[in-house]
>>> print(open('entry-v8.txt').read())   # compact mmCIF, C-alpha atoms and all ligand atoms
# COMPACT_ATOMS: atom_id res chain seq x y z
CA MET L 6 142.18 114.79 96.77
CA ASP L 7 139.59 113.11 98.97
CA LYS L 8 136.46 115.24 98.50
CA ASN L 9 135.77 115.13 102.24
CA ARG L 10 139.19 116.45 103.09
CA PHE L 11 139.42 120.10 104.09
CA ILE L 12 142.34 122.44 104.78
CA VAL L 13 142.76 124.49 107.92
CA GLY L 14 145.60 126.98 108.15
CA HIS L 15 147.13 127.66 111.54
CA LEU L 16 149.63 130.21 112.71
CA PRO L 17 152.47 129.76 115.19
CA VAL L 18 153.21 128.86 117.76
CA TYR L 19 151.29 125.73 118.76
CA PHE L 20 148.08 124.12 117.59
CA PRO L 21 147.03 120.47 118.27
CA ARG L 22 146.87 119.32 114.65
CA GLU L 23 145.59 115.94 115.78
CA ILE L 24 142.01 117.21 115.96
CA ILE L 25 142.06 118.36 112.33
CA HIS L 26 143.63 115.09 111.18
CA ALA L 27 140.98 113.08 113.05
CA ALA L 28 138.25 114.99 111.21
CA ASN L 29 139.84 114.06 107.86
CA GLY L 30 141.36 117.50 107.42
CA LEU L 31 144.85 118.75 106.70
CA ALA L 32 146.31 121.32 109.07
CA VAL L 33 148.72 123.57 107.19
CA GLY L 34 151.15 125.82 109.04
CA ILE L 35 151.18 129.45 107.92
CA LEU L 36 154.57 130.92 108.72
CA GLY L 37 154.62 134.07 106.63
CA GLY L 38 155.95 134.96 103.21
CA GLY L 39 159.62 134.73 104.21
CA ASP L 40 161.96 136.46 101.80
CA LYS L 41 159.94 135.38 98.78
CA LYS L 42 157.02 137.77 98.99
CA LEU L 43 157.13 141.44 98.17
CA ILE L 44 154.94 143.37 100.60
CA ILE L 45 152.85 146.17 99.12
CA LYS L 46 149.26 145.87 100.28
CA GLY L 47 150.14 144.27 103.64
CA ASP L 48 151.87 147.44 104.83
CA ALA L 49 148.59 149.31 104.64
CA TYR L 50 147.09 147.08 107.31
CA TYR L 51 149.67 147.63 110.04
CA GLN L 52 151.68 150.44 111.54
CA SER L 53 155.40 150.45 110.77
CA TYR L 54 156.53 149.41 114.26
CA ILE L 55 155.40 145.81 114.27
CA CYS L 56 157.06 142.63 113.03
CA HIS L 57 157.04 141.59 109.39
CA MET L 58 155.18 138.27 109.33
CA PRO L 59 151.58 139.52 109.70
CA ARG L 60 152.04 141.91 106.77
CA SER L 61 153.26 139.12 104.52
CA ILE L 62 150.36 136.91 105.62
CA ILE L 63 147.91 139.66 104.66
CA GLU L 64 149.71 140.02 101.34
CA LEU L 65 149.47 136.26 100.74
CA ALA L 66 145.77 136.36 101.58
CA MET L 67 145.06 139.29 99.28
CA ASP L 68 146.93 137.56 96.46
CA LYS L 69 144.66 134.54 96.98
CA HIS L 70 147.35 132.10 98.13
CA PHE L 71 144.87 130.77 100.69
CA ALA L 72 141.97 130.44 98.25
CA SER L 73 141.63 126.70 98.86
CA PHE L 74 141.68 126.96 102.67
CA ASP L 75 138.44 126.23 104.51
CA GLY L 76 139.35 127.69 107.88
CA PHE L 77 142.03 129.43 109.89
CA ILE L 78 143.21 129.05 113.47
CA PHE L 79 145.03 131.94 115.11
CA PRO L 80 146.62 130.73 118.36
CA SER L 81 146.97 133.45 120.97
CA ILE L 82 150.59 134.37 120.63
CA CYS L 83 150.41 138.17 120.81
CA ASP L 84 148.18 141.19 120.13
CA VAL L 85 149.35 141.38 116.53
CA ILE L 86 148.02 137.91 115.82
CA ARG L 87 144.78 138.70 117.64
CA ASN L 88 144.34 141.67 115.31
CA LEU L 89 145.24 139.54 112.31
CA SER L 90 142.48 137.08 113.19
CA GLY L 91 140.04 140.01 113.25
CA MET L 92 141.24 141.13 109.83
CA PHE L 93 140.73 137.65 108.41
CA GLN L 94 137.21 137.63 109.83
CA LEU L 95 136.46 140.95 108.13
CA MET L 96 138.07 139.84 104.88
CA GLY L 97 135.87 136.73 104.81
CA GLU L 98 138.78 134.55 103.74
CA ALA L 99 137.27 131.21 104.79
CA LYS L 100 134.27 129.40 106.21
CA PHE L 101 135.56 129.93 109.72
CA VAL L 102 138.26 131.91 111.51
CA LYS L 103 139.02 130.95 115.08
CA TYR L 104 141.13 132.84 117.58
CA LEU L 105 142.38 130.02 119.80
CA ASP L 106 143.02 131.37 123.27
CA LEU L 107 145.71 129.01 124.58
CA PRO L 108 145.37 129.14 128.37
CA GLN L 109 148.06 130.78 130.48
CA ASN L 110 146.65 129.10 133.54
CA PHE L 111 147.89 125.53 133.88
CA LYS L 112 145.47 124.33 136.54
CA PRO L 113 143.17 121.57 135.19
CA HIS L 114 139.99 123.03 136.72
CA ILE L 115 140.68 126.48 135.26
CA GLY L 116 142.99 126.47 132.21
CA GLY L 117 142.15 122.85 131.44
CA VAL L 118 138.38 123.37 131.40
CA PHE L 119 138.80 126.50 129.32
CA TYR L 120 141.13 124.84 126.78
CA ARG L 121 138.85 121.87 126.37
CA HIS L 122 136.04 124.23 125.55
CA GLU L 123 138.20 125.99 122.96
CA LEU L 124 139.04 122.68 121.28
CA GLN L 125 135.39 121.66 121.23
CA THR L 126 134.54 124.93 119.46
CA ILE L 127 137.03 124.01 116.72
CA LEU L 128 135.62 120.50 116.45
CA ASP L 129 132.12 121.98 116.03
CA GLU L 130 133.39 124.23 113.22
CA VAL L 131 135.18 121.49 111.33
CA TYR L 132 132.20 119.15 111.67
CA LYS L 133 130.24 121.68 109.62
CA LEU L 134 132.84 121.39 106.84
CA ASN L 135 132.48 117.70 106.05
CA GLY L 136 130.21 116.08 108.63
CA VAL L 137 132.92 113.68 109.86
CA GLN L 138 132.34 112.83 113.50
CA VAL L 139 135.58 112.81 115.49
CA THR L 140 135.18 109.65 117.54
CA ALA L 141 137.59 108.62 120.32
CA LYS L 142 138.95 105.91 118.03
CA ARG L 143 139.70 108.35 115.21
CA LEU L 144 141.28 110.89 117.53
CA ASN L 145 143.41 108.28 119.30
CA HIS L 146 144.69 107.11 115.92
CA SER L 147 145.65 110.68 114.98
CA ILE L 148 147.32 111.27 118.35
CA GLY L 149 149.37 108.12 117.81
CA LEU L 150 150.60 109.42 114.45
CA PHE L 151 151.61 112.80 115.89
CA ASN L 152 153.26 111.09 118.86
CA LYS L 153 155.40 109.24 116.37
CA ASN L 154 156.08 112.49 114.53
CA ARG L 155 157.30 114.24 117.68
CA ARG L 156 159.43 111.24 118.63
CA LEU L 157 161.08 111.18 115.21
CA ILE L 158 161.80 114.92 115.27
CA ASN L 159 163.29 114.55 118.74
CA GLN L 160 165.48 111.71 117.48
CA LEU L 161 166.65 113.96 114.68
CA TYR L 162 167.65 116.60 117.21
CA ASP L 163 169.32 114.03 119.46
CA ILE L 164 171.47 112.72 116.61
CA ARG L 165 172.21 116.28 115.59
CA GLN L 166 173.41 117.06 119.10
CA GLU L 167 175.89 114.19 119.04
CA TYR L 168 176.95 114.44 115.40
CA PRO L 169 176.06 117.93 114.13
CA TRP L 170 178.19 117.57 111.01
CA ARG L 171 175.96 114.84 109.59
CA LEU L 172 173.15 117.19 108.56
CA THR L 173 173.22 120.98 108.47
CA ALA L 174 170.84 123.08 110.55
CA ASP L 175 169.11 124.38 107.43
CA ASP L 176 168.64 120.79 106.18
CA ILE L 177 166.97 119.87 109.45
CA TYR L 178 164.92 123.04 109.28
CA HIS L 179 163.57 122.09 105.85
CA VAL L 180 162.87 118.50 106.89
CA VAL L 181 160.88 119.61 109.95
CA ARG L 182 159.14 122.41 108.09
CA ALA L 183 157.89 119.98 105.44
CA GLY L 184 155.66 118.55 108.16
CA TYR L 185 153.76 121.84 108.27
CA VAL L 186 152.33 121.32 104.78
CA ILE L 187 152.02 117.58 104.16
CA PRO L 188 150.04 114.79 105.85
CA VAL L 189 151.67 113.47 109.00
CA GLU L 190 151.84 109.93 107.56
CA GLU L 191 154.08 111.16 104.72
CA HIS L 192 156.15 113.30 107.04
CA ASN L 193 156.78 110.35 109.35
CA GLU L 194 158.11 108.41 106.37
CA ILE L 195 160.45 111.24 105.38
CA LEU L 196 161.72 111.60 108.95
CA THR L 197 162.32 107.86 109.23
CA ASN L 198 164.39 107.89 106.03
CA VAL L 199 166.42 110.92 107.10
CA ILE L 200 167.12 109.37 110.51
CA ASP L 201 168.24 106.13 108.85
CA LEU L 202 170.61 108.17 106.73
CA ILE L 203 172.21 110.16 109.51
CA ARG L 204 172.57 107.22 111.85
CA ARG L 205 175.46 106.36 109.57
CA GLU L 206 178.61 108.44 109.67
CA THR L 207 178.69 111.07 106.97
CA GLY L 208 180.62 114.31 106.64
CA ASP L 209 183.54 115.47 108.78
CA PRO L 210 183.46 117.10 112.21
CA MET L 211 184.56 120.72 112.18
CA ASP L 212 185.96 122.98 114.84
CA LYS L 213 182.74 124.80 115.71
CA ILE L 214 181.03 125.72 118.93
CA ARG L 215 177.60 124.33 119.80
CA VAL L 216 174.89 126.93 120.16
CA LEU L 217 171.26 127.17 121.12
CA VAL L 218 169.20 129.71 119.16
CA ILE L 219 166.19 131.16 120.94
CA GLY L 220 163.61 133.84 120.12
CA ALA L 221 162.57 132.67 116.65
CA PHE L 222 159.44 130.77 117.68
CA CYS L 223 157.02 132.80 115.55
CA GLU L 224 158.27 134.83 112.56
CA GLN L 225 160.82 132.51 110.99
CA PRO L 226 164.37 133.60 110.24
CA PRO L 227 165.36 133.50 106.57
CA VAL L 228 167.15 130.25 105.73
CA GLY L 229 170.19 132.33 104.79
CA LEU L 230 170.42 133.46 108.40
CA ILE L 231 170.39 129.88 109.71
CA ARG L 232 173.09 129.02 107.19
CA THR L 233 175.11 132.10 108.16
CA ILE L 234 175.20 131.11 111.83
CA GLU L 235 176.64 127.73 110.91
CA LEU L 236 179.07 129.16 108.37
CA ALA L 237 180.32 131.57 111.02
CA GLY L 238 181.63 128.77 113.23
CA CYS L 239 178.62 127.36 115.07
CA TYR L 240 176.63 124.16 115.11
CA ILE L 241 173.02 124.92 116.00
CA VAL L 242 172.12 121.96 118.22
CA GLU L 243 168.94 123.40 119.67
CA ASP L 244 166.50 126.07 118.49
CA ASP L 245 162.90 127.19 118.69
CA PHE L 246 162.37 127.75 114.95
CA LEU L 247 159.38 125.44 114.43
CA LEU L 248 158.51 125.04 118.04
CA GLY L 249 154.91 123.98 117.47
CA ALA L 250 156.07 120.64 116.07
CA ARG L 251 157.87 119.92 119.35
CA TRP L 252 155.60 121.83 121.71
CA ILE L 253 154.34 118.77 123.58
CA GLN L 254 157.31 117.17 125.31
CA GLY L 255 156.59 113.46 125.19
CA ASP L 256 153.65 111.36 124.13
CA ILE L 257 149.99 112.19 124.49
CA ASP L 258 147.92 109.28 125.81
CA CYS L 259 146.49 107.64 122.67
CA GLU L 260 144.40 104.98 124.37
CA SER L 261 142.14 107.23 126.36
CA GLU L 262 138.35 107.00 126.23
CA ASP L 263 138.42 110.79 126.32
CA PRO L 264 141.22 111.85 123.95
CA ILE L 265 140.26 115.54 124.09
CA GLU L 266 141.04 115.35 127.80
CA ALA L 267 144.33 113.63 126.93
CA ILE L 268 145.28 116.51 124.57
CA THR L 269 144.27 119.01 127.23
CA THR L 270 146.30 117.27 129.94
CA ALA L 271 149.33 117.11 127.66
CA TYR L 272 149.10 120.87 127.05
CA LEU L 273 148.91 121.55 130.78
CA GLU L 274 151.65 119.14 131.81
CA LYS L 275 153.96 118.69 128.84
CA SER L 276 154.17 122.08 127.13
CA THR L 277 157.61 123.39 126.41
CA PHE L 278 158.46 126.97 127.39
CA SER L 279 158.21 129.97 125.11
CA SER L 280 157.82 133.73 125.28
CA SER L 281 154.24 133.27 124.11
CA VAL L 282 153.33 131.64 127.43
CA PHE L 283 153.60 132.83 131.01
CA ASP L 284 153.66 129.86 133.35
CA VAL L 285 154.14 131.41 136.75
CA ASP L 286 154.94 128.10 138.46
CA ASN L 287 157.51 127.00 135.92
CA PRO L 288 159.91 129.90 135.22
CA LYS L 289 161.30 129.82 131.71
CA GLU L 290 164.73 131.10 132.71
CA ALA L 291 165.28 127.92 134.74
CA ARG L 292 163.95 125.83 131.87
CA LEU L 293 166.34 127.53 129.47
CA VAL L 294 169.30 126.71 131.70
CA ASN L 295 168.13 123.08 131.91
CA LEU L 296 167.97 122.91 128.14
CA ILE L 297 171.45 124.41 127.84
CA ARG L 298 172.78 121.72 130.15
CA GLN L 299 170.90 118.96 128.41
CA ARG L 300 172.15 119.96 124.96
CA LYS L 301 175.67 120.71 126.23
CA VAL L 302 175.84 123.98 124.33
CA ASP L 303 178.76 126.39 124.52
CA GLY L 304 176.72 129.54 124.04
CA VAL L 305 173.31 131.00 123.34
CA ILE L 306 172.21 133.13 120.40
CA PHE L 307 169.20 135.31 121.12
CA ALA L 308 167.70 135.94 117.68
CA ALA L 309 164.34 137.66 117.68
CA PRO L 310 162.22 139.23 114.95
CA SER L 311 162.32 143.04 114.98
CA PHE L 312 159.45 144.45 117.06
CA CYS L 313 158.51 141.04 118.49
CA ASP L 314 157.18 142.10 121.90
CA PRO L 315 156.93 138.63 123.49
CA ALA L 316 160.51 137.70 122.61
CA LEU L 317 162.01 141.09 123.39
CA LEU L 318 160.26 141.38 126.75
CA ASP L 319 161.61 137.98 127.77
CA HIS L 320 165.17 138.40 126.61
CA PRO L 321 166.38 140.60 129.49
CA ILE L 322 165.09 138.00 131.98
CA LEU L 323 166.70 135.11 130.11
CA GLN L 324 169.94 137.02 129.52
CA LYS L 325 170.23 137.94 133.18
CA GLU L 326 169.97 134.25 133.99
CA CYS L 327 172.72 133.51 131.45
CA ASN L 328 174.89 136.21 133.00
CA ASP L 329 174.27 134.86 136.49
CA LYS L 330 175.22 131.35 135.35
CA ASN L 331 178.24 132.51 133.38
CA ILE L 332 176.73 131.34 130.09
CA ARG L 333 177.99 133.22 127.04
CA PHE L 334 175.45 134.76 124.69
CA ILE L 335 174.96 137.24 121.89
CA SER L 336 171.83 138.89 120.62
CA PHE L 337 170.55 140.31 117.36
CA LEU L 338 167.31 141.06 115.53
CA TYR L 339 166.16 139.85 112.15
CA SER L 340 163.18 140.02 109.88
CA GLU L 341 161.81 137.17 107.74
CA ASN L 342 163.03 139.03 104.64
CA THR L 343 166.43 140.10 105.95
CA GLY L 344 168.79 139.83 103.00
CA GLN L 345 172.15 141.02 104.33
CA PHE L 346 173.97 138.67 106.68
CA LYS L 347 177.46 140.12 106.68
CA VAL L 348 177.15 141.94 110.01
CA ILE L 349 175.54 138.91 111.63
CA LYS L 350 178.27 136.67 110.26
CA GLU L 351 180.94 138.90 111.79
CA GLN L 352 179.17 139.04 115.13
CA VAL L 353 178.57 135.28 115.29
CA GLY L 354 182.10 134.57 114.06
CA THR L 355 183.58 136.72 116.81
CA PHE L 356 181.35 135.01 119.36
CA SER L 357 182.46 131.58 118.18
CA ASP L 358 186.15 132.53 118.14
CA SER L 359 186.00 134.09 121.58
CA ILE L 360 184.51 130.94 123.07
CA LYS L 361 186.95 128.66 121.26
CA LEU L 362 189.96 130.73 122.28
CA TRP L 363 189.23 131.88 125.79
CA ASP L 364 186.24 130.23 127.30
CA GLU L 365 185.50 127.08 129.18
CA PRO L 366 182.46 125.37 127.66
CA VAL L 367 179.27 126.01 129.58
CA THR L 368 179.14 122.42 130.74
CA GLY L 369 182.25 123.17 132.72
CA VAL L 370 180.69 125.84 134.91
CA SER L 371 178.68 125.19 137.98
CA LEU L 372 175.04 125.93 137.18
S1 LIG K 401 156.83 137.71 115.57
FE1 LIG K 401 156.36 138.28 117.68
S2 LIG K 401 155.19 140.19 117.57
FE2 LIG K 401 155.19 139.25 115.52
S3 LIG K 401 153.32 138.06 115.43
FE3 LIG K 401 154.91 136.70 116.15
S4 LIG K 401 154.89 136.80 118.39
FE4 LIG K 401 153.70 138.52 117.59
>>> encode(input="entry-v8.txt", output="structure tokens", more="lines below")
Ligand code: SF4
Amino acid sequence: MDKNRFIVGHLPVYFPREIIHAANGLAVGILGGGDKKLIIKGDAYYQSYICHMPRSIIELAMDKHFASFDGFIFPSICDVIRNLSGMFQLMGEAKFVKYLDLPQNFKPHIGGVFYRHELQTILDEVYKLNGVQVTAKRLNHSIGLFNKNRRLINQLYDIRQEYPWRLTADDIYHVVRAGYVIPVEEHNEILTNVIDLIRRETGDPMDKIRVLVIGAFCEQPPVGLIRTIELAGCYIVEDDFLLGARWIQGDIDCESEDPIEAITTAYLEKSTFSSSVFDVDNPKEARLVNLIRQRKVDGVIFAAPSFCDPALLDHPILQKECNDKNIRFISFLYSENTGQFKVIKEQVGTFSDSIKLWDEPVTGVSL
């Protein structure tokens, strides 16, 4: 590996990886231990009534899985992650630990100024790691690569919406997730090859409903759960599993003389919606309904990690909107290490059957 290259781990939901790339670093997504890591020590750090992911991250840290990381970014998703960033600071796991307060105010002179300052703090930290100056030229180049990455992932989802039988939801999940641990240049190549493959007809259409899965933006569902939803009669055509990779909706200006400003503006104007953000002027229930229409889904699956406050506080608001618009939905909880899917399979199967047998698709109702 390039001796000047450093590794910065970042948690969900969104972090502008461009600034790490431009400094000759590799941003690696930390998404928990999934169902692969037995939690013993991690339980001692948290009370029992919080989600699972932070415990597995502590366990991974204590077992030295992050030994080669130089820094960590903890985006402000919830209080649990704020506490986790404090624990990492106390544990002295890396040369720097940054709690990145993503603004909840989307006005340029307030949230914008604040966010810019946050990004500059990170740039100052990474400069200390290898002395690489992030010039406008370097940062614009990195932004261009991540623009391409977002465009390719969106293409993948667009093809999936039209022809969901060509690649399973868990295949897409793995393809997108690979981008959390490898350089963006390599990921762009993989995405290009996969898109070339699924542009051609492959597989056979099946009699399944199209669903949107929402609530899984932070702690990731086990892959078996994603598979179960599809095996139970659904095509997942939209989700928020790895939302950070698609957070910015559209390109970021990559020809600006002030690319930090361009990243800031994109966050303020092009962020998607999520339970981790409260944008008072842009209600997420309306944005959810728009997405449902755009993806032409038949129903919504609310799947949230157990004890996930942001998701569970939002769900009643989003579900009321679905009820008001006559959009069918179901809801269940999971944990990253859930191992039994039988009950979920029955619930999703019943949901799928009921829509196929008795319901008009959601595109047929007046929204
Ligand atoms: S799963 Fe929910 S509660 Fe847990 S860390 Fe993520 S946002 Fe916070």
>>> closest_residue(input="entry-v8.txt", among="L:Gly220, L:Gly38, L:Gly47, L:Pro210", to="ligand LIG 401 (chain K)", atoms="all atoms listed in the file")
L:Gly220
>>> residues_around(input="entry-v8.txt", residues="L:Glu98", least_positions_apart="4", cutoff="10 Å", atoms="only C-alpha atoms", output="list in words")
Ala66, Met67, Lys69, Phe71, Ala72, Ser73, Phe74, Asp75, Gly76, Phe77, Met92, Phe93, Gln94 and Val102 of chain L
>>> write_last_selection(input="entry-v8.txt", atoms="C-alpha atoms", output="CSV table (one decimal), in the coordinates of the input")
chain,number,residue,atom,x,y,z
L,66,ALA,CA,145.8,136.4,101.6
L,67,MET,CA,145.1,139.3,99.3
L,69,LYS,CA,144.7,134.5,97.0
L,71,PHE,CA,144.9,130.8,100.7
L,72,ALA,CA,142.0,130.4,98.2
L,73,SER,CA,141.6,126.7,98.9
L,74,PHE,CA,141.7,127.0,102.7
L,75,ASP,CA,138.4,126.2,104.5
L,76,GLY,CA,139.4,127.7,107.9
L,77,PHE,CA,142.0,129.4,109.9
L,92,MET,CA,141.2,141.1,109.8
L,93,PHE,CA,140.7,137.6,108.4
L,94,GLN,CA,137.2,137.6,109.8
L,102,VAL,CA,138.3,131.9,111.5
>>> axis_aligned_box(input="entry-v8.txt", around="ligand LIG 401 (chain K)", padding_each_side="3 Å", output="JSON")
{"center_x": 155.1, "center_y": 138.4, "center_z": 116.9, "size_x": 9.5, "size_y": 9.5, "size_z": 9.0}
>>> residues_around(input="entry-v8.txt", residues="L:Asp209", least_positions_apart="6", cutoff="10 Å", atoms="only C-alpha atoms", output="count of residues only")
4
>>> residues_near_ligand(input="entry-v8.txt", ligand="ligand LIG 401 (chain K)", cutoff="6 Å", atoms="all atoms listed in the file", output="PyMOL selection string")
chain L and resi 56+82-83+85-86+223-224+310+313-315
>>> residues_around(input="entry-v8.txt", residues="L:Gln160", least_positions_apart="6", cutoff="10 Å", atoms="all atoms listed in the file", output="ChimeraX atom specification")
/L:154,166,196-197,200
>>> closest_residue(input="entry-v8.txt", among="L:Asn287, L:Asn135, L:Ser147, L:Gln225", to="L:Glu274", atoms="all atoms listed in the file")
L:Asn287
>>> atom_distance(input="entry-v8.txt", atom1="atom CA of L:Gly229", atom2="atom CA of L:Asp175")
8.4 Å
>>> residues_around(input="entry-v8.txt", residues="L:Asp303", least_positions_apart="3", cutoff="12 Å", atoms="all atoms listed in the file", output="JSON, numbers by chain")
{"L": [213, 214, 215, 216, 217, 218, 238, 239, 240, 241, 242, 243, 294, 296, 297, 298, 299, 300, 306, 327, 331, 332, 333, 334, 335, 356, 357, 358, 359, 360, 361, 363, 364, 365, 366, 367, 368, 369, 370]}
>>> atom_distance(input="entry-v8.txt", atom1="atom CA of L:Phe337", atom2="atom CA of L:Lys46")
27.9 Å
>>> residues_around(input="entry-v8.txt", residues="L:Asn198", least_positions_apart="5", cutoff="12 Å", atoms="only C-alpha atoms", output="ChimeraX atom specification")
/L:157-158,161,180,191-193,203-205
>>> residues_near_point(input="entry-v8.txt", point="(177.3, 142.0, 110.0)", cutoff="12 Å", atoms="all atoms listed in the file", output="PDB file with C-alpha atoms, keeping the file's coordinate frame")
ATOM      1  CA  LEU L 230     170.420 133.460 108.400  1.00  0.00           C
ATOM      2  CA  THR L 233     175.110 132.100 108.160  1.00  0.00           C
ATOM      3  CA  ILE L 234     175.200 131.110 111.830  1.00  0.00           C
ATOM      4  CA  ALA L 237     180.320 131.570 111.020  1.00  0.00           C
ATOM      5  CA  PHE L 337     170.550 140.310 117.360  1.00  0.00           C
ATOM      6  CA  LEU L 338     167.310 141.060 115.530  1.00  0.00           C
ATOM      7  CA  TYR L 339     166.160 139.850 112.150  1.00  0.00           C
ATOM      8  CA  THR L 343     166.430 140.100 105.950  1.00  0.00           C
ATOM      9  CA  GLY L 344     168.790 139.830 103.000  1.00  0.00           C
ATOM     10  CA  GLN L 345     172.150 141.020 104.330  1.00  0.00           C
ATOM     11  CA  PHE L 346     173.970 138.670 106.680  1.00  0.00           C
ATOM     12  CA  LYS L 347     177.460 140.120 106.680  1.00  0.00           C
ATOM     13  CA  VAL L 348     177.150 141.940 110.010  1.00  0.00           C
ATOM     14  CA  ILE L 349     175.540 138.910 111.630  1.00  0.00           C
ATOM     15  CA  LYS L 350     178.270 136.670 110.260  1.00  0.00           C
ATOM     16  CA  GLU L 351     180.940 138.900 111.790  1.00  0.00           C
ATOM     17  CA  GLN L 352     179.170 139.040 115.130  1.00  0.00           C
ATOM     18  CA  VAL L 353     178.570 135.280 115.290  1.00  0.00           C
ATOM     19  CA  GLY L 354     182.100 134.570 114.060  1.00  0.00           C
ATOM     20  CA  THR L 355     183.580 136.720 116.810  1.00  0.00           C
TER      21      THR L 355
END
>>> atom_distance(input="entry-v8.txt", atom1="atom CA of L:Lys41", atom2="atom CA of L:Pro21")
27.7 Å
